[in-house]
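The next block is target-v1.cif, given as mmCIF, C-alpha atoms and all ligand atoms.
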```cif
data_structure
#
loop_
_atom_site.group_PDB
_atom_site.id
_atom_site.type_symbol
_atom_site.label_atom_id
_atom_site.label_comp_id
_atom_site.auth_asym_id
_atom_site.auth_seq_id
_atom_site.Cartn_x
_atom_site.Cartn_y
_atom_site.Cartn_z
ATOM 1 C CA MET R 1 0.000 0.000 0.000
ATOM 2 C CA MET R 2 1.486 3.287 -1.071
ATOM 3 C CA GLY R 3 0.455 6.867 -0.628
ATOM 4 C CA PRO R 4 1.802 10.211 0.513
ATOM 5 C CA PRO R 5 2.148 11.011 4.235
ATOM 6 C CA GLY R 6 -1.325 11.587 5.629
ATOM 7 C CA SER R 7 -3.062 9.674 2.840
ATOM 8 C CA GLY R 8 -4.544 7.332 5.421
ATOM 9 C CA LYS R 9 -2.635 4.318 4.218
ATOM 10 C CA GLY R 10 -1.933 3.148 7.780
ATOM 11 C CA THR R 11 -5.630 3.087 8.648
ATOM 12 C CA GLN R 12 -6.616 1.443 5.397
ATOM 13 C CA ALA R 13 -3.731 -1.036 5.491
ATOM 14 C CA GLU R 14 -4.816 -2.204 8.932
ATOM 15 C CA ARG R 15 -8.390 -2.741 7.757
ATOM 16 C CA ILE R 16 -7.473 -4.492 4.531
ATOM 17 C CA ALA R 17 -4.883 -6.704 6.244
ATOM 18 C CA GLY R 18 -7.568 -7.678 8.758
ATOM 19 C CA SER R 19 -10.193 -8.582 6.179
ATOM 20 C CA GLN R 20 -7.754 -10.363 3.857
ATOM 21 C CA GLN R 21 -5.942 -12.118 6.731
ATOM 22 C CA LEU R 22 -2.578 -10.669 5.863
ATOM 23 C CA ALA R 23 0.207 -9.675 8.220
ATOM 24 C CA HIS R 24 0.200 -5.867 8.400
ATOM 25 C CA ILE R 25 3.805 -4.735 8.117
ATOM 26 C CA SER R 26 4.091 -1.008 8.778
ATOM 27 C CA THR R 27 7.676 0.232 8.749
ATOM 28 C CA GLY R 28 6.536 3.520 10.338
ATOM 29 C CA ASP R 29 4.970 1.596 13.248
ATOM 30 C CA MET R 30 8.071 -0.569 13.595
ATOM 31 C CA LEU R 31 10.339 2.480 13.753
ATOM 32 C CA ARG R 32 8.071 4.316 16.197
ATOM 33 C CA ALA R 33 7.957 1.243 18.449
ATOM 34 C CA ALA R 34 11.754 1.022 18.392
ATOM 35 C CA MET R 35 12.013 4.738 19.200
ATOM 36 C CA ALA R 36 9.509 4.491 22.057
ATOM 37 C CA ALA R 37 11.313 1.488 23.524
ATOM 38 C CA GLY R 38 14.680 3.196 23.147
ATOM 39 C CA THR R 39 16.269 0.212 21.379
ATOM 40 C CA PRO R 40 19.606 0.712 19.571
ATOM 41 C CA LEU R 41 17.667 0.911 16.301
ATOM 42 C CA GLY R 42 15.252 3.417 17.802
ATOM 43 C CA LEU R 43 18.054 5.640 19.034
ATOM 44 C CA GLN R 44 19.811 5.378 15.692
ATOM 45 C CA VAL R 45 16.791 6.478 13.625
ATOM 46 C CA LYS R 46 15.136 8.985 15.974
ATOM 47 C CA GLU R 47 16.720 12.127 14.576
ATOM 48 C CA VAL R 48 16.130 11.173 10.947
ATOM 49 C CA VAL R 49 12.486 10.254 11.523
ATOM 50 C CA GLU R 50 11.753 13.385 13.542
ATOM 51 C CA ARG R 51 13.268 15.492 10.773
ATOM 52 C CA GLY R 52 10.920 13.818 8.297
ATOM 53 C CA ASP R 53 13.757 12.267 6.318
ATOM 54 C CA LEU R 54 14.093 8.660 5.290
ATOM 55 C CA VAL R 55 15.959 6.042 7.270
ATOM 56 C CA PRO R 56 18.835 4.565 5.170
ATOM 57 C CA ASP R 57 17.764 1.920 2.667
ATOM 58 C CA GLU R 58 20.086 -0.836 3.941
ATOM 59 C CA LEU R 59 18.713 -0.479 7.442
ATOM 60 C CA MET R 60 15.102 -0.591 6.231
ATOM 61 C CA LEU R 61 15.768 -3.569 3.994
ATOM 62 C CA ALA R 62 17.355 -5.528 6.838
ATOM 63 C CA LEU R 63 14.386 -4.703 9.064
ATOM 64 C CA VAL R 64 11.803 -5.779 6.479
ATOM 65 C CA ASP R 65 13.757 -8.867 5.448
ATOM 66 C CA GLU R 66 13.774 -10.034 9.062
ATOM 67 C CA ARG R 67 10.097 -9.171 9.556
ATOM 68 C CA LEU R 68 9.055 -11.102 6.439
ATOM 69 C CA GLN R 69 10.623 -14.223 7.889
ATOM 70 C CA GLN R 70 8.346 -14.228 10.928
ATOM 71 C CA ASP R 71 5.645 -16.903 10.991
ATOM 72 C CA ASP R 72 2.644 -14.652 10.485
ATOM 73 C CA ALA R 73 4.062 -13.245 7.245
ATOM 74 C CA THR R 74 4.335 -16.613 5.533
ATOM 75 C CA GLY R 75 0.565 -16.658 4.950
ATOM 76 C CA GLY R 76 0.701 -13.356 3.096
ATOM 77 C CA PHE R 77 1.496 -9.782 4.023
ATOM 78 C CA LEU R 78 0.588 -6.204 3.343
ATOM 79 C CA LEU R 79 3.475 -3.745 3.305
ATOM 80 C CA ASP R 80 2.590 -0.264 4.533
ATOM 81 C CA GLY R 81 5.144 2.526 4.085
ATOM 82 C CA PHE R 82 7.638 0.302 2.323
ATOM 83 C CA PRO R 83 9.232 0.445 -0.207
ATOM 84 C CA ARG R 84 9.723 4.195 -0.114
ATOM 85 C CA THR R 85 12.638 4.484 -2.534
ATOM 86 C CA VAL R 86 13.521 2.758 -5.804
ATOM 87 C CA ALA R 87 16.520 1.181 -4.047
ATOM 88 C CA GLN R 88 14.146 -0.300 -1.447
ATOM 89 C CA ALA R 89 11.869 -1.619 -4.207
ATOM 90 C CA GLU R 90 14.853 -3.254 -5.895
ATOM 91 C CA GLY R 91 16.075 -4.694 -2.597
ATOM 92 C CA LEU R 92 12.599 -5.993 -1.772
ATOM 93 C CA ALA R 93 12.362 -7.666 -5.173
ATOM 94 C CA LYS R 94 15.599 -9.532 -4.417
ATOM 95 C CA VAL R 95 14.422 -10.547 -0.943
ATOM 96 C CA LEU R 96 11.100 -11.829 -2.294
ATOM 97 C CA GLU R 97 12.794 -13.609 -5.163
ATOM 98 C CA GLY R 98 15.014 -15.351 -2.628
ATOM 99 C CA GLN R 99 11.942 -16.444 -0.697
ATOM 100 C CA GLY R 100 10.085 -17.456 -3.857
ATOM 101 C CA VAL R 101 7.231 -15.081 -3.032
ATOM 102 C CA PRO R 102 5.768 -12.818 -5.710
ATOM 103 C CA LEU R 103 4.454 -9.338 -4.941
ATOM 104 C CA GLY R 104 0.748 -9.287 -5.795
ATOM 105 C CA CYS R 105 0.008 -5.678 -6.544
ATOM 106 C CA VAL R 106 0.465 -2.080 -5.470
ATOM 107 C CA VAL R 107 -2.445 -0.023 -4.152
ATOM 108 C CA LEU R 108 -1.859 3.719 -4.354
ATOM 109 C CA LEU R 109 -4.048 5.920 -2.172
ATOM 110 C CA SER R 110 -4.178 9.283 -3.887
ATOM 111 C CA VAL R 111 -4.984 12.455 -1.954
ATOM 112 C CA PRO R 112 -4.351 16.072 -3.047
ATOM 113 C CA ASP R 113 -1.579 17.973 -1.231
ATOM 114 C CA ASP R 114 -3.813 20.562 0.473
ATOM 115 C CA VAL R 115 -5.951 17.811 2.009
ATOM 116 C CA LEU R 116 -2.782 16.060 3.204
ATOM 117 C CA VAL R 117 -1.478 19.124 5.041
ATOM 118 C CA GLU R 118 -4.875 19.758 6.606
ATOM 119 C CA ARG R 119 -5.193 16.172 7.835
ATOM 120 C CA ALA R 120 -1.657 15.978 9.163
ATOM 121 C CA MET R 121 -2.095 19.168 11.162
ATOM 122 C CA ALA R 122 -5.230 17.763 12.760
ATOM 123 C CA ARG R 123 -3.466 14.492 13.601
ATOM 124 C CA GLY R 124 -0.867 16.189 15.802
ATOM 125 C CA ARG R 125 1.768 13.465 15.897
ATOM 126 C CA THR R 126 5.163 14.608 17.253
ATOM 127 C CA ASP R 127 6.759 14.354 13.805
ATOM 128 C CA ASP R 128 3.876 16.416 12.358
ATOM 129 C CA SER R 129 4.741 20.110 12.659
ATOM 130 C CA GLU R 130 3.712 21.990 9.512
ATOM 131 C CA ALA R 131 7.288 22.417 8.321
ATOM 132 C CA THR R 132 7.945 18.708 8.844
ATOM 133 C CA ILE R 133 4.763 17.788 6.985
ATOM 134 C CA ARG R 134 5.777 19.894 3.993
ATOM 135 C CA HIS R 135 9.258 18.429 4.139
ATOM 136 C CA ARG R 136 7.844 14.891 4.204
ATOM 137 C CA LEU R 137 5.629 15.694 1.219
ATOM 138 C CA GLY R 138 8.713 16.878 -0.658
ATOM 139 C CA VAL R 139 10.566 13.700 0.277
ATOM 140 C CA TYR R 140 7.589 11.675 -0.958
ATOM 141 C CA LEU R 141 7.515 13.466 -4.327
ATOM 142 C CA GLU R 142 11.247 13.177 -4.808
ATOM 143 C CA GLN R 143 12.017 9.716 -3.502
ATOM 144 C CA THR R 144 8.813 7.700 -3.217
ATOM 145 C CA GLU R 145 6.732 8.679 -6.239
ATOM 146 C CA PRO R 146 9.380 7.248 -8.612
ATOM 147 C CA VAL R 147 8.732 3.858 -6.999
ATOM 148 C CA LEU R 148 5.336 3.813 -8.758
ATOM 149 C CA GLY R 149 7.030 4.172 -12.110
ATOM 150 C CA TRP R 150 9.427 1.404 -11.174
ATOM 151 C CA TYR R 151 6.509 -0.976 -10.504
ATOM 152 C CA GLU R 152 4.714 -0.021 -13.717
ATOM 153 C CA GLY R 153 4.776 -3.025 -16.029
ATOM 154 C CA LYS R 154 6.044 -5.316 -13.239
ATOM 155 C CA VAL R 155 2.965 -5.671 -11.028
ATOM 156 C CA PRO R 156 -0.523 -4.175 -11.286
ATOM 157 C CA VAL R 157 -0.688 -0.695 -9.733
ATOM 158 C CA TYR R 158 -4.196 0.286 -8.624
ATOM 159 C CA GLU R 159 -4.872 3.924 -7.888
ATOM 160 C CA VAL R 160 -7.671 4.482 -5.400
ATOM 161 C CA ASP R 161 -9.217 7.848 -4.495
ATOM 162 C CA GLY R 162 -8.244 8.433 -0.864
ATOM 163 C CA VAL R 163 -10.681 11.299 -0.229
ATOM 164 C CA GLY R 164 -13.962 10.454 1.490
ATOM 165 C CA GLU R 165 -15.262 8.528 4.486
ATOM 166 C CA ILE R 166 -12.897 5.919 5.922
ATOM 167 C CA ASP R 167 -15.418 3.102 5.296
ATOM 168 C CA GLU R 168 -16.039 4.272 1.780
ATOM 169 C CA ILE R 169 -12.318 4.237 0.969
ATOM 170 C CA THR R 170 -11.921 0.759 2.469
ATOM 171 C CA GLU R 171 -14.737 -0.405 0.174
ATOM 172 C CA ARG R 172 -13.034 1.154 -2.843
ATOM 173 C CA ILE R 173 -9.807 -0.718 -2.085
ATOM 174 C CA GLN R 174 -11.695 -3.919 -1.351
ATOM 175 C CA SER R 175 -13.532 -3.780 -4.656
ATOM 176 C CA VAL R 176 -10.329 -3.114 -6.600
ATOM 177 C CA LEU R 177 -8.750 -6.163 -4.936
ATOM 178 C CA ASP R 178 -11.865 -8.309 -5.526
ATOM 179 C CA ASP R 179 -11.847 -7.382 -9.217
ATOM 180 C CA ALA R 180 -8.159 -8.274 -9.378
ATOM 181 C CA ASP R 181 -8.736 -11.815 -8.055
HETATM 182 P P1 LIG A 201 3.277 8.287 6.990
HETATM 183 O O1 LIG A 201 2.295 7.196 6.810
HETATM 184 O O2 LIG A 201 2.725 9.472 7.712
HETATM 185 O O3 LIG A 201 3.985 8.650 5.720
HETATM 186 P P2 LIG A 201 4.977 6.376 8.330
HETATM 187 O O4 LIG A 201 4.325 6.012 9.594
HETATM 188 O O5 LIG A 201 4.871 5.417 7.206
HETATM 189 O O6 LIG A 201 4.449 7.817 7.912
HETATM 190 O O7 LIG A 201 6.547 6.675 8.573
HETATM 191 C C1 LIG A 201 6.986 7.651 9.499
HETATM 192 C C2 LIG A 201 8.470 7.947 9.286
HETATM 193 O O8 LIG A 201 9.256 6.752 9.449
HETATM 194 C C3 LIG A 201 8.850 8.443 7.887
HETATM 195 O O9 LIG A 201 8.657 9.833 7.750
HETATM 196 C C4 LIG A 201 10.327 8.039 7.800
HETATM 197 O O10 LIG A 201 11.151 8.915 8.518
HETATM 198 C C5 LIG A 201 10.341 6.698 8.532
HETATM 199 N N1 LIG A 201 10.119 5.570 7.579
HETATM 200 C C6 LIG A 201 9.032 4.750 7.542
HETATM 201 N N2 LIG A 201 9.133 3.842 6.563
HETATM 202 C C7 LIG A 201 10.325 4.089 5.950
HETATM 203 C C8 LIG A 201 11.009 3.527 4.836
HETATM 204 N N3 LIG A 201 10.487 2.498 4.134
HETATM 205 N N4 LIG A 201 12.219 4.036 4.496
HETATM 206 C C9 LIG A 201 12.764 5.041 5.174
HETATM 207 N N5 LIG A 201 12.172 5.642 6.220
HETATM 208 C C10 LIG A 201 10.969 5.185 6.607
#
```
Can you give me the file's structure in the form of structure tokens?
Amino acid sequence: MMGPPGSGKGTQAERIAGSQQLAHISTGDMLRAAMAAGTPLGLQVKEVVERGDLVPDELMLALVDERLQQDDATGGFLLDGFPRTVAQAEGLAKVLEGQGVPLGCVVLLSVPDDVLVERAMARGRTDDSEATIRHRLGVYLEQTEPVLGWYEGKVPVYEVDGVGEIDEITERIQSVLDDAD
């Protein structure tokens, strides 16, 4: 599941993973948990995350590689917030190839920039000051949007309108996935 910061992909990913019985793998949640627990990883990434920059690709790939090997992921998984760079997408492809697991599809939640800023301000997370939000949007445009182009022609990329009621958006994603089956 891909989408700009504040697109609601975390909320939707949780719902879709629940209904499709997939392990919900959110790299943002994993990093925040590590930061809250003060683990070596958490301490290492804290500054970068709070600045709204991306954690280095090698670190993220190692984290996801390890996570994908846990029992619950063997029955299928939904990645939320990863890959966020073309290098991560390439690394993930290698990891999955090694495991003999194909990536099913990409769901892109699209939301206009002004709505994103508005939502993020209302959310009030500690990494959500207005300057940080704008910075994260810039990082998304520069580093993450090219990932969509990278997937084009490799796996189906479904764009879903991310503006509306939460339930309504979940239904949109669900119906796109049902049609894909
Ligand atoms: P959002 O859904 O608001 O975009 P996330 O919860 O996915 O935010 O991620 C929060 C922060 O964690 C990001 O701004 C970034 O600093 C870090 N992060 C999460 N996933 C990745 C990733 N795949 N690569 C690098 N950094 C990441």
### Message
Could you tell me how far atom O5 of ligand LIG 201 (chain A) sits from atom CA of Ser110 of chain R, in Å to one decimal place?
### Response
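Between these atoms lies a distance of 14.8 Å.
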### Task
With only C-alpha atoms and all ligand atoms counted, collect every polymer residue having an atom within 7 Å of ligand LIG 201 (chain A); state the result as number ranges by chain.
R: 4-6, 8-10, 26-29, 31, 48-50, 52-57, 60, 80-84, 136
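Taking atom CA of Leu109 of chain R as the reference point, atom CA of Val163 of chain R is found at 8.8 Å.
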### Minimum-distance residue to Gly18 of chain R, chosen among R:Met121, R:Arg32, R:Arg67, R:Leu78 (using all atoms listed in the file)
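Using all atoms listed in the file, Gly18 of chain R sits closest to R:Leu78.
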### Message
Using Å and a single decimal, report how far atom CA of Met35 of chain R sits from atom CA of Arg51 of chain R.
### Response
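Value for the atom CA of Arg51 of chain R-atom CA of Met35 of chain R distance: 13.7 Å.
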### Message
Under the rule that only C-alpha atoms are counted, which of R:Ile25, R:Val157, R:Gly91, R:Ser19 is the nearest residue to Gly104 of chain R?
### Response
R:Val157
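Closest to Gly3 of chain R among R:Val155, R:Gln143, R:Leu63, R:Leu108 is R:Leu108, based on only C-alpha atoms.
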#### Entry: Residue nearest Ala180 of chain R among R:Gly162, R:Glu118, R:Leu22, R:Val106 (counting all atoms listed in the file)
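Checking each candidate against Ala180 of chain R, we get R:Val106 as the closest.
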